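Dumped input_17.txt below, it's compact mmCIF, C-alpha atoms and all ligand atoms:
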# COMPACT_ATOMS: atom_id res chain seq x y z
CA MET A 1 75.76 116.35 104.76
CA GLN A 2 78.04 115.17 107.55
CA ALA A 3 81.05 113.06 106.50
CA LYS A 4 81.21 109.42 107.56
CA HIS A 5 84.17 107.11 108.18
CA PRO A 6 84.75 103.80 106.33
CA GLN A 7 84.35 102.02 109.68
CA GLU A 8 80.67 103.05 109.75
CA SER A 9 79.93 101.10 106.56
CA ARG A 10 82.23 98.13 107.23
CA THR A 11 80.32 94.89 106.59
CA THR A 12 81.53 91.36 107.29
CA LEU A 13 79.83 88.26 105.89
CA THR A 14 81.17 84.85 106.92
CA ASP A 15 79.89 81.63 105.37
CA LEU A 16 80.95 78.11 104.34
CA VAL A 17 81.60 76.83 100.81
CA LEU A 18 78.98 74.11 100.19
CA PRO A 19 79.09 71.44 97.42
CA SER A 20 76.37 73.22 95.37
CA GLU A 21 78.58 76.34 95.22
CA THR A 22 81.67 74.73 93.67
CA ASN A 23 83.10 74.21 90.18
CA PRO A 24 84.32 70.82 88.80
CA LEU A 25 87.64 71.30 90.67
CA ASN A 26 85.72 71.49 93.96
CA ASN A 27 86.62 75.15 94.41
CA LEU A 28 84.19 78.01 95.03
CA PHE A 29 82.39 78.96 91.79
CA GLY A 30 83.37 82.50 90.69
CA GLY A 31 79.75 83.62 90.23
CA GLU A 32 78.93 82.58 93.79
CA LEU A 33 81.79 84.68 95.14
CA LEU A 34 80.66 87.64 92.99
CA ALA A 35 77.19 87.35 94.52
CA ARG A 36 78.55 87.22 98.07
CA MET A 37 80.70 90.28 97.36
CA ASP A 38 77.74 92.12 95.81
CA ARG A 39 75.63 91.42 98.92
CA ALA A 40 78.32 92.65 101.34
CA ALA A 41 79.04 95.73 99.18
CA SER A 42 75.35 96.53 98.93
CA ILE A 43 75.00 96.50 102.73
CA ALA A 44 78.11 98.72 103.08
CA ALA A 45 76.70 101.22 100.54
CA ARG A 46 73.36 101.22 102.31
CA ARG A 47 75.02 101.79 105.71
CA HIS A 48 76.95 104.76 104.31
CA SER A 49 74.05 106.38 102.46
CA ARG A 50 70.99 105.11 104.38
CA ARG A 51 69.26 105.01 100.96
CA ILE A 52 68.21 102.41 98.38
CA VAL A 53 71.40 101.42 96.51
CA VAL A 54 72.00 99.67 93.18
CA THR A 55 75.12 98.12 91.68
CA ALA A 56 76.34 100.46 88.93
CA SER A 57 79.50 98.57 87.99
CA VAL A 58 82.01 95.94 88.99
CA ASN A 59 85.27 97.81 88.46
CA HIS A 60 87.77 95.15 89.35
CA VAL A 61 87.81 91.53 90.50
CA ALA A 62 90.91 89.45 91.14
CA PHE A 63 90.41 85.73 91.74
CA ASN A 64 93.94 85.28 93.08
CA LYS A 65 93.47 82.07 95.03
CA ALA A 66 91.05 79.18 94.65
CA VAL A 67 88.78 78.66 97.65
CA PRO A 68 88.27 74.93 98.34
CA LEU A 69 85.03 73.18 99.27
CA GLY A 70 84.33 73.39 103.00
CA SER A 71 86.33 76.62 103.49
CA VAL A 72 85.14 79.31 105.85
CA VAL A 73 85.08 82.47 103.72
CA THR A 74 84.83 86.01 105.07
CA VAL A 75 83.89 88.87 102.77
CA GLU A 76 84.68 92.32 104.16
CA ALA A 77 83.31 95.41 102.41
CA ALA A 78 83.56 99.13 103.18
CA VAL A 79 82.99 102.36 101.29
CA SER A 80 86.39 103.56 100.03
CA ARG A 81 85.14 106.85 98.54
CA ALA A 82 81.86 108.67 98.09
CA PHE A 83 81.25 111.02 95.17
CA LYS A 84 77.89 112.75 94.53
CA SER A 85 75.46 109.84 94.32
CA SER A 86 77.98 107.05 93.71
CA MET A 87 80.13 105.15 96.20
CA GLU A 88 83.17 102.98 95.56
CA ILE A 89 83.19 99.85 97.72
CA PHE A 90 86.39 97.93 98.35
CA ILE A 91 85.97 94.24 99.15
CA ASP A 92 88.55 91.91 100.69
CA VAL A 93 87.99 88.15 100.78
CA TRP A 94 89.65 86.01 103.45
CA VAL A 95 89.84 82.25 103.90
CA GLU A 96 90.26 80.78 107.38
CA ASP A 97 92.63 77.89 107.99
CA ARG A 98 90.70 75.09 109.70
CA GLU A 99 93.43 74.12 112.17
CA SER A 100 95.20 77.38 113.02
CA GLY A 101 92.28 79.75 112.44
CA ASN A 102 94.69 82.10 110.61
CA ARG A 103 93.15 84.12 107.79
CA THR A 104 94.69 84.37 104.30
CA LYS A 105 93.64 86.99 101.75
CA ALA A 106 92.18 85.08 98.80
CA ASN A 107 90.58 87.69 96.57
CA GLU A 108 89.59 91.33 96.29
CA ALA A 109 87.17 93.41 94.30
CA ILE A 110 85.95 96.94 93.76
CA TYR A 111 82.29 97.70 93.06
CA THR A 112 80.45 100.98 92.42
CA PHE A 113 77.01 101.53 93.94
CA VAL A 114 74.64 104.43 93.36
CA ALA A 115 72.12 105.70 95.92
CA VAL A 116 68.68 106.25 94.40
CA ASP A 117 65.21 107.34 95.49
CA GLU A 118 62.03 105.28 95.12
CA THR A 119 61.84 106.19 91.41
CA GLY A 120 65.43 105.04 90.75
CA THR A 121 66.75 108.61 90.42
CA PRO A 122 70.28 109.12 91.83
CA VAL A 123 70.42 111.08 95.12
CA SER A 124 73.34 112.64 97.05
CA VAL A 125 75.29 110.65 99.63
CA PRO A 126 77.44 111.87 102.56
CA PRO A 127 81.16 112.42 101.86
CA LEU A 128 83.67 109.88 103.15
CA GLU A 129 86.53 110.76 105.48
CA PRO A 130 89.27 108.10 105.44
CA GLU A 131 91.21 107.56 108.68
CA THR A 132 93.81 104.79 108.35
CA GLU A 133 96.73 104.77 105.90
CA LEU A 134 95.09 101.99 103.82
CA GLU A 135 91.76 103.86 103.74
CA LYS A 136 93.58 107.00 102.56
CA GLN A 137 95.39 105.08 99.78
CA ARG A 138 92.14 103.55 98.56
CA TYR A 139 90.39 106.94 98.74
CA ASP A 140 93.13 108.69 96.75
CA ALA A 141 93.08 106.11 93.94
CA ALA A 142 89.27 105.93 93.68
CA LEU A 143 88.85 108.96 91.41
CA ARG A 144 91.08 107.47 88.72
CA ARG A 145 89.12 104.21 88.94
CA LYS A 146 85.82 106.11 88.57
CA GLN A 147 87.14 107.89 85.47
CA LEU A 148 88.31 104.60 83.97
CA SER A 149 85.01 102.89 84.75
CA LEU A 150 83.00 105.68 83.10
CA VAL A 151 85.26 105.68 80.04
CA LEU A 152 84.97 101.87 79.71
CA ALA A 153 81.18 102.07 80.12
CA GLY A 154 81.08 104.60 77.28
CA LYS A 155 79.68 107.25 79.66
CA MET A 156 82.69 109.56 79.45
CA LYS A 157 85.16 110.52 76.77
CA PRO A 158 88.80 110.06 77.83
CA GLN A 159 89.41 113.78 77.28
CA ASP A 160 86.65 114.68 79.80
CA ALA A 161 88.37 112.77 82.64
CA THR A 162 90.32 115.91 83.63
CA GLU A 163 87.06 117.83 84.08
CA LEU A 164 85.76 115.21 86.53
CA LYS A 165 89.06 115.30 88.43
CA ALA A 166 88.80 119.08 88.86
CA LEU A 167 85.19 118.77 90.05
CA PHE A 168 85.94 116.30 92.84
CA GLU A 169 89.37 117.56 93.82
CA ASP A 170 87.74 120.89 94.76
CA LYS A 171 85.78 118.97 97.38
CA ILE A 172 88.76 117.30 99.10
C1 LIG B 1 73.34 103.09 88.16
C2 LIG B 1 72.26 104.05 87.66
C3 LIG B 1 71.34 104.43 88.84
C4 LIG B 1 72.96 105.30 87.12
O1 LIG B 1 71.96 106.11 86.60
P1 LIG B 1 72.28 107.23 85.49
O2 LIG B 1 71.01 107.68 84.92
O3 LIG B 1 73.36 106.73 84.60
O4 LIG B 1 72.74 108.40 86.41
P2 LIG B 1 73.99 109.34 86.27
O5 LIG B 1 74.59 109.37 84.91
O6 LIG B 1 73.57 110.62 86.90
O7 LIG B 1 75.02 108.61 87.22
C5 LIG B 1 74.82 108.57 88.62
C6 LIG B 1 76.14 108.29 89.26
O8 LIG B 1 76.55 106.98 88.91
C7 LIG B 1 77.88 107.02 88.39
N1 LIG B 1 78.02 105.96 87.43
C8 LIG B 1 77.15 105.58 86.48
N2 LIG B 1 77.65 104.54 85.79
C9 LIG B 1 78.86 104.27 86.32
C10 LIG B 1 79.89 103.34 86.02
N3 LIG B 1 79.77 102.45 85.03
N4 LIG B 1 81.01 103.35 86.78
C11 LIG B 1 81.17 104.24 87.77
N5 LIG B 1 80.24 105.16 88.11
C12 LIG B 1 79.10 105.17 87.38
C13 LIG B 1 77.97 108.41 87.76
O9 LIG B 1 79.31 108.81 87.61
C14 LIG B 1 77.25 109.23 88.81
O10 LIG B 1 78.13 109.40 89.92
P3 LIG B 1 78.12 110.73 90.85
O11 LIG B 1 76.68 111.15 91.04
O12 LIG B 1 78.72 110.27 92.13
O13 LIG B 1 78.95 111.74 90.14
C15 LIG B 1 71.40 103.41 86.51
O14 LIG B 1 72.23 103.18 85.39
C16 LIG B 1 70.75 102.11 86.91
O15 LIG B 1 69.71 102.11 87.61
N6 LIG B 1 71.31 100.98 86.49
C17 LIG B 1 70.78 99.67 86.85
C18 LIG B 1 71.27 99.27 88.25
C19 LIG B 1 70.93 97.84 88.56
O16 LIG B 1 69.83 97.39 88.30
N7 LIG B 1 71.90 97.14 89.14
C20 LIG B 1 71.76 95.73 89.39
C21 LIG B 1 72.41 94.98 88.30
S1 LIG B 1 71.43 93.66 87.75
Translate the structure described by the file into structure tokens.
Amino acid sequence: MQAKHPQESRTTLTDLVLPSETNPLNNLFGGELLARMDRAASIAARRHSRRIVVTASVNHVAFNKAVPLGSVVTVEAAVSRAFKSSMEIFIDVWVEDRESGNRTKANEAIYTFVAVDETGTPVSVPPLEPETELEKQRYDAALRRKQLSLVLAGKMKPQDATELKALFEDKI
């Protein structure tokens, strides 16, 4: 399968924060942001694989800054590494200043999606070829995150993490 670049899966969703999407402090409700990130990541995974994709895990979420009611929020997602059937998606969340239009990074997250066929069975996805320095950093760190995610999910014993590393490092 021919390798793809992160740019080919990059997905940008921009939307407002409405009153029904806020918590009692009038900031964006965390679950609403998780849903927006899941949607953007799902589109990115689909663009990379051109298959049906499902969320396998949410590996990391940092709610660093509250996002006030009325904000314009942009969620940017792109595949940061592809394995056999799974893809790590890195998501950056930006908030736009109303007056200056400048964007500030508010949050980030990392999700794992798996490409499946019509029966829900995992299928292979194209490899990813990072281009920019940031894409390369995210790519390099993704294997350790996959190992950790599998160990935390109880799908891998910590001692088997080395085996997985050897398997995927052969393919770099
Ligand atoms: C995700 C799912 C397809 C994995 O199926 P599975 O039978 O566990 O398949 P496998 O064990 O072969 O795993 C498939 C891939 O997913 C990866 N994976 C599975 N669980 C993972 C986790 N918690 N973290 C990271 N990767 C994970 C495996 O490492 C494997 O990756 P690879 O093929 O790139 O090496 C299956 O668990 C599923 O359908 N889950 C429900 C998905 C869903 O409904 N999501 C919406 C949430 S409501």
Check which residues of chain A sit at most 10 Å from ligand LIG 1 (chain B) using all atoms listed in the file, and return one row each with the closest pair of atoms and their distance in Å to one decimal, ordered by chain and rising number, as CSV.
residue,atom,partner,partner_atom,distance
A:Asp38,CA,B:LIG1,C20,9.5
A:Val53,CA,B:LIG1,C3,8.2
A:Val54,CA,B:LIG1,N7,4.8
A:Thr55,CA,B:LIG1,N7,4.2
A:Ala56,CA,B:LIG1,C1,4.1
A:Ser57,CA,B:LIG1,N3,4.9
A:Val58,CA,B:LIG1,N4,7.8
A:Asn59,CA,B:LIG1,N4,7.2
A:Arg81,CA,B:LIG1,O12,9.7
A:Ala82,CA,B:LIG1,O12,6.9
A:Phe83,CA,B:LIG1,O12,4.0
A:Lys84,CA,B:LIG1,O12,3.5
A:Ser85,CA,B:LIG1,O11,3.7
A:Ser86,CA,B:LIG1,O12,3.7
A:Met87,CA,B:LIG1,O12,6.7
A:Glu88,CA,B:LIG1,C11,8.1
A:Tyr111,CA,B:LIG1,C11,8.5
A:Thr112,CA,B:LIG1,C11,5.7
A:Phe113,CA,B:LIG1,C1,7.0
A:Val114,CA,B:LIG1,O8,5.5
A:Ala115,CA,B:LIG1,C3,7.2
A:Val116,CA,B:LIG1,C3,6.4
A:Asp117,CA,B:LIG1,C3,9.5
A:Thr119,CA,B:LIG1,O15,9.6
A:Gly120,CA,B:LIG1,O15,6.1
A:Thr121,CA,B:LIG1,C3,6.4
A:Pro122,CA,B:LIG1,C5,5.6
A:Val123,CA,B:LIG1,O11,7.5
A:Ser124,CA,B:LIG1,O11,7.0
A:Val125,CA,B:LIG1,O12,8.3
A:Leu143,CA,B:LIG1,C11,9.7
A:Arg145,CA,B:LIG1,C11,8.0
A:Lys146,CA,B:LIG1,C11,5.1
A:Gln147,CA,B:LIG1,C11,7.4
A:Leu148,CA,B:LIG1,N4,7.9
A:Ser149,CA,B:LIG1,N4,4.5
A:Leu150,CA,B:LIG1,N4,4.8
A:Val151,CA,B:LIG1,N3,8.1
A:Leu152,CA,B:LIG1,N3,7.5
A:Ala153,CA,B:LIG1,N3,5.1
A:Gly154,CA,B:LIG1,N3,8.1
A:Lys155,CA,B:LIG1,N2,7.0
A:Met156,CA,B:LIG1,O9,8.9
A:Leu164,CA,B:LIG1,O13,8.5
A:Leu167,CA,B:LIG1,O13,9.4
A:Phe168,CA,B:LIG1,O13,8.8
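Note that CA of His48 in chain A and CA of Asn64 in chain A are 28.2 Å apart.
Between CA of Ile89 in chain A and CA of Arg144 in chain A the interatomic distance comes to 14.2 Å.
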Here is a test: counting only C-alpha atoms, which residue of A:Glu129, A:Asp15, A:Glu169, A:Glu76 is nearest to Ser42 in chain A?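 Nearest to Ser42 in chain A: A:Glu76.
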Would you pick out the contacts of Glu99 in chain A at 12 Å or less, using only C-alpha atoms, so that residues sharing its chain but fewer than 3 positions from it are not included, and give the list as a list in words?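 In the requested form, the answer reads Ser71, Val72, Glu96, Asn102 and Arg103 of chain A.
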Those residues you just picked out, can you put them in a file as a PDB file, in the coordinates of the input with C-alpha atoms?
ATOM      1  CA  SER A  71      86.330  76.620 103.490  1.00  0.00           C
ATOM      2  CA  VAL A  72      85.140  79.310 105.850  1.00  0.00           C
ATOM      3  CA  GLU A  96      90.260  80.780 107.380  1.00  0.00           C
ATOM      4  CA  ASN A 102      94.690  82.100 110.610  1.00  0.00           C
ATOM      5  CA  ARG A 103      93.150  84.120 107.790  1.00  0.00           C
TER       6      ARG A 103
END
Find the residues near Leu13 in chain A: any atom within 9 Å, counting only C-alpha atoms, skip ones fewer than 5 places away on the same chain, and give them as an MDAnalysis selection string. chainID A and resid 36:37 39:40 73:77
So that I have them on file, write out the residues from the current selection with C-alpha atoms, as a compact mmCIF listing (two decimals), in the coordinates of the input.
# COMPACT_ATOMS: atom_id res chain seq x y z
CA ARG A 36 78.55 87.22 98.07
CA MET A 37 80.70 90.28 97.36
CA ARG A 39 75.63 91.42 98.92
CA ALA A 40 78.32 92.65 101.34
CA VAL A 73 85.08 82.47 103.72
CA THR A 74 84.83 86.01 105.07
CA VAL A 75 83.89 88.87 102.77
CA GLU A 76 84.68 92.32 104.16
CA ALA A 77 83.31 95.41 102.41
Could you tell me, as a ChimeraX atom specification, which residues have any atom at most 8 Å from (73.8, 107.8, 105.6), counting all atoms listed in the file? /A:4,46-51,125-126
Excluding Gly30 in chain A and its own-chain neighbours fewer than 3 positions away, which residues fall within 8 Å of it when counting only C-alpha atoms? Please give them as a VMD selection string. chain A and resid 33 to 34 63
Just want the 12 Å neighbourhood of Thr22 in chain A, counted on all atoms listed in the file, with same-chain residues fewer than 4 positions away dropped. Output as number ranges by chain. A: 16-18, 26-33, 66-71
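Put simply, CA of Ala62 in chain A is 12.8 Å away from CA of Trp94 in chain A.
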Which residue of A:Asp140, A:Glu108, A:Asp160, A:Glu131 approaches Glu8 in chain A most closely, using only C-alpha atoms: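 So, comparing all the options, the nearest one is A:Glu131.
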Name all residues at most 12 Å from Leu134 in chain A (count only C-alpha atoms; drop same-chain ones fewer than 4 positions away) and give them as a ChimeraX atom specification. /A:6,78,80,90,130,138-141
So, counting all atoms listed in the file, which residue among A:Val61, A:Gln2, A:Glu21, A:Leu128 is closest to Asn107 in chain A?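 Once distances to Asn107 in chain A are computed over all atoms listed in the file, the minimum belongs to A:Val61.
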